[in-house]
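Presented below is the structure to which this report refers.
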Amino acid sequence: MITYLKSLISNSPTNIISYAQYIEAVLYHPEYGYYMKNKQKIGSQGDFITTSNISDIYGRIVAKWFASICKKYNLEPNFCEIGAGNGRFAHAFLQEWEHSIKAPINYIILESSPYHQKLQNELIPPHHNVIQVNNLDELEPFKGMVFSNELFDALPVHVIEKENGQLYEVMVGIKNETLYEEKVLLSNPAIHFFLEESMLELKDKQRIEVPLLMEGMVQDISKVLTKGLVVTADYGYTKEDWMHPSRMKGSLRGYYQHQMIDDVLKYPGEMDITTHIHFDWLIQKGEQVKLVFYSKLRQDEFLLKAGILKELENHYDPNPFSEVAKRNRAIRSLIMPSGISSFFHLIIQQKGIVEFNPFDE
């Protein structure tokens with residue numbers, strides 16, 4: 001990876017590259033990129049954990065919820081998951097659909113990692129006929145739902161910082177195989193436009209990530225979805241959150257063997273890199289392409305609205321070592337105020353649905 005980065009940086013006109021170029025290389029290079037390698041990344045043997053790897057209840061609840069929406073709004077059962085990782089969410093979703101809904105469904109996975117595609121094929125039984133694609137433009141426009149879990153936080157971002165009243169872009173260079181940061185006066189007009197559109201005014205010494213690729217992703221989702229829902233599960237901040245004094249250093253960080261690493265220039269190609277997403281800009285970009293904002297819910301709030309308590313009520317077992325008891329503990333962990341769900345929000349957007357209310361309230 002270092003050899004490739006040296007070449008990438010030395011071939012750039014200024015001998016430095018943006019953080020977006022660096023993250024793109026270390027995460028998504030076809031051979032050296034972290035997500036592309038034949039290496040376990042999720043779970044106890046990996047570098048980080050996701051909600052769907054704690055319990056299958058997440059995928060099962062979303063399956064039941066989606067089925068109720070299809071019935072309520074006469075939507076076709078087309079479900080597209082972007083960035084399915086090891087396939088555990090899809091597996092749980094399809095198991096529940098087969099068990100409870102007992103109707104045909106088209107399940108599409110957008111996944112660029114050959115390693116993750118392999119894991120998905122090993123986990124999901126062939127009779128489910130899951131469609132795997134590398135890009136959204138491979139799909140014909142459809143009605144249904146587009147779902148992602150921790151997708152936008154893994155997109156490459158630019159990094160900017162304000163110093164003595166001037167805005168700088170933080171770039172990446174290399175010397176003697178050691179990566180370092182270098183600040184240059186901000187000249188990218190797209191970043192200036194992002195700041196104006198987001199109405200973000202940085203304080204002196206404040207650093208922030210700029211997700212320029214988010215806009216294109218939102219546009220691509222809207223192009224392929226003619227009617228239905230877009231549900232984005234991720235961690236992020238509102239504009240007010242970004243301006244809080246505790247956010248002065250931004251949110252860019254790495255995860256390596258379940259340790260949070262502040263310096264993302266360490267372990268290139270061997271470490272996950274992530275950032276909190278800009279919720280307000282995601283919603284704003286959606287509205288511009290007819291993805292109408294419905295709500296932003298904490299993950300535990302969403303699970304409660306979607307009916308997770310019914311799973312506890314219907315599946316009680318006094319034996320603490322039974323599978324049912326383990327499952328119930330997992331359910332409780334997902335709705336506890338201090339649990340993993342408190343870190344995530346779900347952005348729900350809809351397209352082409354009149355009088356939209358996806359919950360039975």
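Ordering of the structure tokens sets the chain letters (A, B, ...), residue numbers begin anew at 1 in every chain, and ligands are numbered from 1 in the order given.
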
Got a sec: who's within 10 Å of A:Pro211, counting only C-alpha atoms, leaving out chain neighbours fewer than 2 positions off, as a PDB file with N, CA, C and O atoms, in the first residue's frame?
ATOM      1  N   ALA A  20      -9.628  13.016   0.552  1.00  0.00           N
ATOM      2  CA  ALA A  20     -10.581  12.201  -0.207  1.00  0.00           C
ATOM      3  C   ALA A  20      -9.847  11.210  -1.103  1.00  0.00           C
ATOM      4  O   ALA A  20     -10.240  10.034  -1.200  1.00  0.00           O
ATOM      5  N   PHE A 152     -22.775   5.930   4.239  1.00  0.00           N
ATOM      6  CA  PHE A 152     -22.243   7.265   3.976  1.00  0.00           C
ATOM      7  C   PHE A 152     -21.033   7.589   4.835  1.00  0.00           C
ATOM      8  O   PHE A 152     -20.168   8.369   4.435  1.00  0.00           O
ATOM      9  N   ASP A 153     -20.943   6.992   6.031  1.00  0.00           N
ATOM     10  CA  ASP A 153     -19.794   7.287   6.888  1.00  0.00           C
ATOM     11  C   ASP A 153     -18.491   6.739   6.334  1.00  0.00           C
ATOM     12  O   ASP A 153     -17.410   7.107   6.794  1.00  0.00           O
ATOM     13  N   LEU A 155     -17.707   6.889   2.988  1.00  0.00           N
ATOM     14  CA  LEU A 155     -17.345   7.554   1.740  1.00  0.00           C
ATOM     15  C   LEU A 155     -16.135   8.472   1.960  1.00  0.00           C
ATOM     16  O   LEU A 155     -16.002   9.091   3.015  1.00  0.00           O
ATOM     17  N   PRO A 156     -15.256   8.589   0.973  1.00  0.00           N
ATOM     18  CA  PRO A 156     -14.119   9.514   1.093  1.00  0.00           C
ATOM     19  C   PRO A 156     -14.581  10.952   1.313  1.00  0.00           C
ATOM     20  O   PRO A 156     -15.588  11.383   0.740  1.00  0.00           O
ATOM     21  N   VAL A 157     -13.854  11.663   2.153  1.00  0.00           N
ATOM     22  CA  VAL A 157     -14.200  13.056   2.472  1.00  0.00           C
ATOM     23  C   VAL A 157     -12.958  13.939   2.358  1.00  0.00           C
ATOM     24  O   VAL A 157     -11.830  13.478   2.539  1.00  0.00           O
ATOM     25  N   HIS A 158     -13.194  15.203   2.055  1.00  0.00           N
ATOM     26  CA  HIS A 158     -12.147  16.214   2.156  1.00  0.00           C
ATOM     27  C   HIS A 158     -12.085  16.707   3.597  1.00  0.00           C
ATOM     28  O   HIS A 158     -13.069  16.610   4.334  1.00  0.00           O
ATOM     29  N   VAL A 159     -10.946  17.235   3.988  1.00  0.00           N
ATOM     30  CA  VAL A 159     -10.781  17.780   5.337  1.00  0.00           C
ATOM     31  C   VAL A 159     -10.340  19.229   5.219  1.00  0.00           C
ATOM     32  O   VAL A 159      -9.392  19.541   4.484  1.00  0.00           O
ATOM     33  N   ILE A 191     -16.109  22.810  -2.341  1.00  0.00           N
ATOM     34  CA  ILE A 191     -16.075  22.859  -0.872  1.00  0.00           C
ATOM     35  C   ILE A 191     -16.624  24.201  -0.377  1.00  0.00           C
ATOM     36  O   ILE A 191     -17.390  24.251   0.595  1.00  0.00           O
ATOM     37  N   PHE A 194     -20.299  23.945  -0.629  1.00  0.00           N
ATOM     38  CA  PHE A 194     -20.836  23.107   0.447  1.00  0.00           C
ATOM     39  C   PHE A 194     -21.000  23.918   1.726  1.00  0.00           C
ATOM     40  O   PHE A 194     -22.031  23.828   2.412  1.00  0.00           O
ATOM     41  N   ILE A 208     -13.090  20.168   9.970  1.00  0.00           N
ATOM     42  CA  ILE A 208     -14.338  19.477   9.642  1.00  0.00           C
ATOM     43  C   ILE A 208     -14.160  18.690   8.348  1.00  0.00           C
ATOM     44  O   ILE A 208     -13.311  19.021   7.513  1.00  0.00           O
ATOM     45  N   GLU A 209     -14.957  17.619   8.198  1.00  0.00           N
ATOM     46  CA  GLU A 209     -14.928  16.806   6.985  1.00  0.00           C
ATOM     47  C   GLU A 209     -16.017  17.262   6.018  1.00  0.00           C
ATOM     48  O   GLU A 209     -17.123  17.608   6.444  1.00  0.00           O
ATOM     49  N   LEU A 213     -18.894  13.536  -2.102  1.00  0.00           N
ATOM     50  CA  LEU A 213     -19.431  12.380  -2.826  1.00  0.00           C
ATOM     51  C   LEU A 213     -20.856  12.032  -2.404  1.00  0.00           C
ATOM     52  O   LEU A 213     -21.557  11.306  -3.115  1.00  0.00           O
ATOM     53  N   MET A 214     -21.291  12.540  -1.270  1.00  0.00           N
ATOM     54  CA  MET A 214     -22.636  12.232  -0.793  1.00  0.00           C
ATOM     55  C   MET A 214     -23.705  12.676  -1.789  1.00  0.00           C
ATOM     56  O   MET A 214     -24.692  11.979  -2.025  1.00  0.00           O
ATOM     57  N   GLU A 215     -23.509  13.849  -2.374  1.00  0.00           N
ATOM     58  CA  GLU A 215     -24.515  14.390  -3.293  1.00  0.00           C
ATOM     59  C   GLU A 215     -24.748  13.456  -4.475  1.00  0.00           C
ATOM     60  O   GLU A 215     -25.892  13.171  -4.848  1.00  0.00           O
ATOM     61  N   THR A 275     -16.235   8.570   9.294  1.00  0.00           N
ATOM     62  CA  THR A 275     -16.525   9.941   9.710  1.00  0.00           C
ATOM     63  C   THR A 275     -18.012  10.075   9.974  1.00  0.00           C
ATOM     64  O   THR A 275     -18.825   9.352   9.374  1.00  0.00           O
ATOM     65  N   HIS A 276     -18.389  10.966  10.873  1.00  0.00           N
ATOM     66  CA  HIS A 276     -19.805  11.246  11.089  1.00  0.00           C
ATOM     67  C   HIS A 276     -20.352  12.000   9.872  1.00  0.00           C
ATOM     68  O   HIS A 276     -19.673  12.868   9.314  1.00  0.00           O
ATOM     69  N   ILE A 277     -21.566  11.669   9.489  1.00  0.00           N
ATOM     70  CA  ILE A 277     -22.124  12.275   8.282  1.00  0.00           C
ATOM     71  C   ILE A 277     -22.882  13.563   8.637  1.00  0.00           C
ATOM     72  O   ILE A 277     -23.275  13.786   9.773  1.00  0.00           O
ATOM     73  N   HIS A 278     -23.064  14.400   7.627  1.00  0.00           N
ATOM     74  CA  HIS A 278     -23.797  15.658   7.784  1.00  0.00           C
ATOM     75  C   HIS A 278     -25.278  15.381   7.523  1.00  0.00           C
ATOM     76  O   HIS A 278     -25.719  15.338   6.374  1.00  0.00           O
ATOM     77  N   TRP A 281     -27.281  18.098   5.493  1.00  0.00           N
ATOM     78  CA  TRP A 281     -26.958  18.168   4.063  1.00  0.00           C
ATOM     79  C   TRP A 281     -27.518  16.958   3.321  1.00  0.00           C
ATOM     80  O   TRP A 281     -27.984  17.084   2.190  1.00  0.00           O
ATOM     81  N   LEU A 282     -27.499  15.793   3.966  1.00  0.00           N
ATOM     82  CA  LEU A 282     -28.103  14.599   3.362  1.00  0.00           C
ATOM     83  C   LEU A 282     -29.588  14.838   3.096  1.00  0.00           C
ATOM     84  O   LEU A 282     -30.103  14.530   2.009  1.00  0.00           O
TER      85      LEU A 282
END

* May I have the residues within 9 Å of stretch 233-250 of chain A as an NGL selection string, using only C-alpha atoms and disregarding those fewer than 3 positions away in the same chain? => :A and (147-153 or 159 or 161 or 198-209 or 275-281 or 299 or 343-348)

* **From A:Leu139, A:Val289, A:Val146, A:Ile335, residue lying nearest A:Leu309 [only C-alpha atoms]** => A:Ile335

* Which one of A:Asn121, A:Asn134, A:Ser68, A:Ser112 sits closest to A:Gly87 if you count only C-alpha atoms? ->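 Between A:Asn121, A:Asn134, A:Ser68, A:Ser112, the residue approaching A:Gly87 most closely is A:Asn121.
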
* Nearest candidate to A:His91 (options A:Pro114, A:Gly216, A:Pro126, A:Pro77; using only C-alpha atoms) ->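 Of A:Pro114, A:Gly216, A:Pro126, A:Pro77, the one nearest A:His91 is A:Pro126, counting only C-alpha atoms.
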
With only C-alpha atoms counted and 10 Å as the cut-off, give the residues of stretch 269-306 of chain A in contact with stretch 224-231 of chain A, each with its shortest interatomic distance in Å and the pair that gives it, as a Markdown table.
| residue | atom | partner | partner_atom | distance |
| --- | --- | --- | --- | --- |
| A:Gly286 | CA | A:Val230 | CA | 9.6 |
| A:Lys290 | CA | A:Thr226 | CA | 9.8 |
| A:Leu291 | CA | A:Val230 | CA | 7.7 |
| A:Val292 | CA | A:Leu229 | CA | 9.2 |
| A:Phe293 | CA | A:Val230 | CA | 9.4 |
| A:Tyr294 | CA | A:Leu229 | CA | 9.7 |
| A:Ser295 | CA | A:Val231 | CA | 10.0 |
| A:Lys296 | CA | A:Val231 | CA | 9.8 |

* Any idea what's packed within 9 Å of A:His128, counting only C-alpha atoms, ignoring anything in its chain fewer than 6 positions away? Could you give it as an MDAnalysis selection string? -> chainID A and resid 94 98 105:107

Next, the residues of the selection above should be written as a compact mmCIF listing (two decimals), in the first residue's frame with N, CA, C and O atoms.
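Saved result, result-v2.txt, follows:
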# COMPACT_ATOMS: atom_id res chain seq x y z
N LEU A 94 -34.24 -11.96 4.89
CA LEU A 94 -34.84 -12.96 3.99
C LEU A 94 -35.40 -14.16 4.76
O LEU A 94 -36.40 -14.74 4.36
N GLU A 98 -39.29 -15.11 4.44
CA GLU A 98 -39.70 -16.47 4.06
C GLU A 98 -40.61 -17.09 5.12
O GLU A 98 -41.59 -17.78 4.80
N ILE A 105 -40.16 -11.83 -3.26
CA ILE A 105 -39.48 -10.54 -3.04
C ILE A 105 -38.25 -10.49 -3.93
O ILE A 105 -37.60 -11.52 -4.18
N ASN A 106 -37.94 -9.32 -4.41
CA ASN A 106 -36.70 -9.09 -5.14
C ASN A 106 -35.73 -8.40 -4.20
O ASN A 106 -35.96 -7.25 -3.80
N TYR A 107 -34.67 -9.09 -3.82
CA TYR A 107 -33.67 -8.53 -2.90
C TYR A 107 -32.40 -8.26 -3.70
O TYR A 107 -31.81 -9.17 -4.28

* **Residue with smallest distance to A:Thr178 - pool A:Leu297, A:Ile17, A:Ile2, A:Ile69, counting only C-alpha atoms** =>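 Of A:Leu297, A:Ile17, A:Ile2, A:Ile69, the one nearest A:Thr178, counting only C-alpha atoms, is A:Ile2.
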
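You will find atom CA of A:Ala190 at 12.4 Å from atom CA of A:Ile160.
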
* Structure fact -> Restricting to only C-alpha atoms, whichever of A:Pro358, A:Pro30, A:Gly173, A:Gly269 is closest to A:Ser7 is A:Gly173

* Looking only at the backbone, which of the residues in stretch 63-216 of chain A does DSSP tag as strand (DSSP E), as a ChimeraX atom specification? -> /A:78-82,106-110,131-133,142-149,158-163,166-175,178-185,207-210

* Asked: Looking only at the backbone, which of the residues in stretch 63-172 of chain A does DSSP tag as alpha helix (DSSP H), as a PyMOL selection string?
  -> chain A and resi 63-73+88-96+114-123

Can you write out the residues you just picked, keeping C-alpha atoms, as a JSON list (two decimals), in the first residue's frame?
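Now in part_12.json:
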[["chain", "number", "residue", "atom", "x", "y", "z"],
["A", 63, "ALA", "CA", -38.45, -7.13, 6.92],
["A", 64, "LYS", "CA", -41.77, -7.05, 8.79],
["A", 65, "TRP", "CA", -41.86, -3.26, 8.65],
["A", 66, "PHE", "CA", -41.18, -3.21, 4.91],
["A", 67, "ALA", "CA", -43.90, -5.82, 4.32],
["A", 68, "SER", "CA", -46.44, -3.64, 6.15],
["A", 69, "ILE", "CA", -45.44, -0.62, 4.05],
["A", 70, "CYS", "CA", -45.76, -2.58, 0.80],
["A", 71, "LYS", "CA", -49.28, -3.58, 1.82],
["A", 72, "LYS", "CA", -50.28, -0.12, 3.05],
["A", 73, "TYR", "CA", -49.05, 1.77, -0.02],
["A", 88, "ARG", "CA", -25.95, -10.93, 7.97],
["A", 89, "PHE", "CA", -28.63, -8.26, 7.66],
["A", 90, "ALA", "CA", -29.80, -9.65, 4.30],
["A", 91, "HIS", "CA", -29.79, -13.20, 5.67],
["A", 92, "ALA", "CA", -31.95, -12.25, 8.66],
["A", 93, "PHE", "CA", -34.29, -10.15, 6.50],
["A", 94, "LEU", "CA", -34.84, -12.96, 3.99],
["A", 95, "GLN", "CA", -35.31, -15.59, 6.70],
["A", 96, "GLU", "CA", -38.05, -13.51, 8.29],
["A", 114, "PRO", "CA", -15.48, -9.24, -4.05],
["A", 115, "TYR", "CA", -14.63, -10.56, -0.58],
["A", 116, "HIS", "CA", -17.96, -9.40, 0.85],
["A", 117, "GLN", "CA", -19.81, -10.75, -2.19],
["A", 118, "LYS", "CA", -18.23, -14.12, -1.47],
["A", 119, "LEU", "CA", -19.30, -14.00, 2.21],
["A", 120, "GLN", "CA", -22.84, -13.07, 1.17],
["A", 121, "ASN", "CA", -23.02, -15.99, -1.26],
["A", 122, "GLU", "CA", -21.81, -18.38, 1.44],
["A", 123, "LEU", "CA", -24.33, -17.17, 4.01]]

* Nearest to A:Ile221, chosen from A:His192, A:Lys266, A:Lys351, A:His127, with only C-alpha atoms counted in the distances -> A:Lys351

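With atom CA of A:Glu177 on one side and atom CA of A:Tyr4 on the other, the separation reads 10.8 Å.
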
* Asked: Can you tell me, as a PyMOL selection string, what residues are no more than 10 Å from A:Glu24 when counting only C-alpha atoms, ignoring any on the same chain fewer than 2 positions away?
  -> chain A and resi 18-22+26-29+33-34+154-157
